[in-house]
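Input: a single structure, listed below in structure tokens.
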Amino acid sequence: MSYDDNNIFAKILRGEIPCKKIYEDDFVLSFHDINPQKAIHALVIPKGKYVDLDDFIQNASPEEMTGLLKGINIVSKKLGISTENGNGYRALTNIGKDGGQEVPHLHFHLFGGEKIGKMVE
């Protein structure tokens, strides 16, 4: 899968499609999923053009890597689902066709606000 500049997350980053923003900094944008699968379902995406986690690990700068992980932590706290101020959450990213990836832009789903259940069905 190659990066597509017209994927929905690229359009959201460019401001062409609105989102219900949770958090933004120099490295990430986070927003609520438009089709939530759990009580809380947020997305955290890097601002760089990375197809998936493999691409990100191979090509992102150390600052981008740190920024993404810190962004996930900040968003979990803002949503009240971190173990610091809640009962925990699941961070999930899909990689490639067999992994269930639908959008060719790295993104993490944060699920929380209720018991998440099985890892894989």
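Just so we're on the same page: first chain in the structure tokens is A, next is B, and so on; residues restart at 1 for each chain, and ligands are numbered from 1 in the order they show up.
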Inset, instruction - Using only C-alpha atoms, determine which residues lie at most 7 Å from Phe111 (chain A), disregarding the query and same-chain residues fewer than 2 positions distant; provide the list as a ChimeraX atom specification. - result: /A:38,40-42,89-91,109
Would you mind exporting the chosen residues as a PDB file, in the first residue's frame, restricted to N, CA, C and O atoms?
```pdb
ATOM      1  N   LYS A  38     -16.923   1.798  20.442  1.00  0.00           N
ATOM      2  CA  LYS A  38     -17.009   1.676  21.902  1.00  0.00           C
ATOM      3  C   LYS A  38     -17.483   3.000  22.474  1.00  0.00           C
ATOM      4  O   LYS A  38     -17.604   3.996  21.756  1.00  0.00           O
ATOM      5  N   ILE A  40     -15.996   5.241  24.109  1.00  0.00           N
ATOM      6  CA  ILE A  40     -15.026   6.242  23.669  1.00  0.00           C
ATOM      7  C   ILE A  40     -14.205   5.615  22.556  1.00  0.00           C
ATOM      8  O   ILE A  40     -13.672   4.522  22.704  1.00  0.00           O
ATOM      9  N   HIS A  41     -14.156   6.311  21.425  1.00  0.00           N
ATOM     10  CA  HIS A  41     -13.394   5.837  20.268  1.00  0.00           C
ATOM     11  C   HIS A  41     -12.785   7.049  19.591  1.00  0.00           C
ATOM     12  O   HIS A  41     -13.471   7.838  18.956  1.00  0.00           O
ATOM     13  N   ALA A  42     -11.486   7.209  19.785  1.00  0.00           N
ATOM     14  CA  ALA A  42     -10.764   8.337  19.216  1.00  0.00           C
ATOM     15  C   ALA A  42      -9.690   7.833  18.260  1.00  0.00           C
ATOM     16  O   ALA A  42      -9.262   6.682  18.335  1.00  0.00           O
ATOM     17  N   TYR A  89      -7.421   1.691  28.564  1.00  0.00           N
ATOM     18  CA  TYR A  89      -7.906   1.769  27.188  1.00  0.00           C
ATOM     19  C   TYR A  89      -7.110   0.813  26.315  1.00  0.00           C
ATOM     20  O   TYR A  89      -6.111   0.247  26.740  1.00  0.00           O
ATOM     21  N   ARG A  90      -7.561   0.661  25.091  1.00  0.00           N
ATOM     22  CA  ARG A  90      -6.821  -0.118  24.097  1.00  0.00           C
ATOM     23  C   ARG A  90      -6.379   0.833  22.998  1.00  0.00           C
ATOM     24  O   ARG A  90      -7.178   1.619  22.491  1.00  0.00           O
ATOM     25  N   ALA A  91      -5.092   0.753  22.638  1.00  0.00           N
ATOM     26  CA  ALA A  91      -4.549   1.475  21.488  1.00  0.00           C
ATOM     27  C   ALA A  91      -4.298   0.443  20.406  1.00  0.00           C
ATOM     28  O   ALA A  91      -3.619  -0.550  20.643  1.00  0.00           O
ATOM     29  N   HIS A 109      -6.293   3.796  16.903  1.00  0.00           N
ATOM     30  CA  HIS A 109      -7.617   3.872  17.501  1.00  0.00           C
ATOM     31  C   HIS A 109      -7.417   3.771  19.006  1.00  0.00           C
ATOM     32  O   HIS A 109      -6.681   2.900  19.474  1.00  0.00           O
TER      33      HIS A 109
END
```
Legend entry - Members of chain A assigned alpha helix (DSSP H) by DSSP, as a ChimeraX atom specification: /A:8-13,53-59,62-78
Inset, instruction - Please indicate the distance in Å from CA of Gly100 (chain A) to CA of Met119 (chain A), rounded to one decimal place. - result: 14.0 Å
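Residue neighbourhood of region 20-37 of chain A, excluding near-sequence residues (fewer than 2 positions): Leu13, Pro18, Ala39, Ile40, His41, Ala42, Leu43, Val44, Ile45, Pro46, Lys47, Gly48, Glu63, Glu64, Met65, Thr66, Gly67, Leu68, Gly71, Ile72, Ile74, Val75, Lys78, Leu79, His109 and Phe111 of chain A, at 9 Å, using only C-alpha atoms.
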Legend entry - Exercise: Gly96 (chain A) partners within 12 Å, only C-alpha atoms, chain neighbours under 6 positions left out, as a list in words: Met1, Ser2, Tyr3, Val51, Asp52, Leu53, Asp54, Asp55, Glu102, Val103, Pro104, His105 and Leu106 of chain A
Legend entry - Residue list (strand (DSSP E), DSSP) for chain A, as a PyMOL selection string: chain A and resi 21-24+28-32+40-46+89-92+108-112
Just to be explicit: take each residue in the selection above, keep C-alpha atoms, and write the result as a short mmCIF file (atom, residue, chain, number, x, y, z; two decimals), in the first residue's frame.
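So result37.cif came out as:
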```cif
data_model
loop_
_atom_site.label_atom_id
_atom_site.label_comp_id
_atom_site.auth_asym_id
_atom_site.auth_seq_id
_atom_site.Cartn_x
_atom_site.Cartn_y
_atom_site.Cartn_z
CA LYS A 21 -10.87 17.58 17.36
CA ILE A 22 -9.62 16.34 20.72
CA TYR A 23 -5.99 17.41 20.57
CA GLU A 24 -3.40 18.79 18.17
CA VAL A 28 -0.26 14.64 15.87
CA LEU A 29 -3.93 15.34 15.40
CA SER A 30 -6.55 13.48 17.42
CA PHE A 31 -10.28 13.45 16.84
CA HIS A 32 -13.38 11.41 17.62
CA ILE A 40 -15.03 6.24 23.67
CA HIS A 41 -13.39 5.84 20.27
CA ALA A 42 -10.76 8.34 19.22
CA LEU A 43 -8.15 8.42 16.49
CA VAL A 44 -4.60 9.71 16.83
CA ILE A 45 -2.73 10.33 13.57
CA PRO A 46 0.76 11.63 12.89
CA TYR A 89 -7.91 1.77 27.19
CA ARG A 90 -6.82 -0.12 24.10
CA ALA A 91 -4.55 1.48 21.49
CA LEU A 92 -4.79 -0.33 18.17
CA PHE A 108 -4.15 4.61 16.20
CA HIS A 109 -7.62 3.87 17.50
CA LEU A 110 -8.07 4.53 21.22
CA PHE A 111 -10.97 2.58 22.72
CA GLY A 112 -12.18 3.09 26.28
#
```
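Between CA of Asp4 (chain A) and CA of Leu69 (chain A) lies a distance of 23.5 Å.
One finds CA of Ile12 (chain A) at 27.2 Å from CA of Ile116 (chain A).
If you measure from each of A:Ile95, A:Ala60, A:Gln101, A:Gly86 to Lys115 (chain A) using only C-alpha atoms, the closest one turns out to be A:Gly86.
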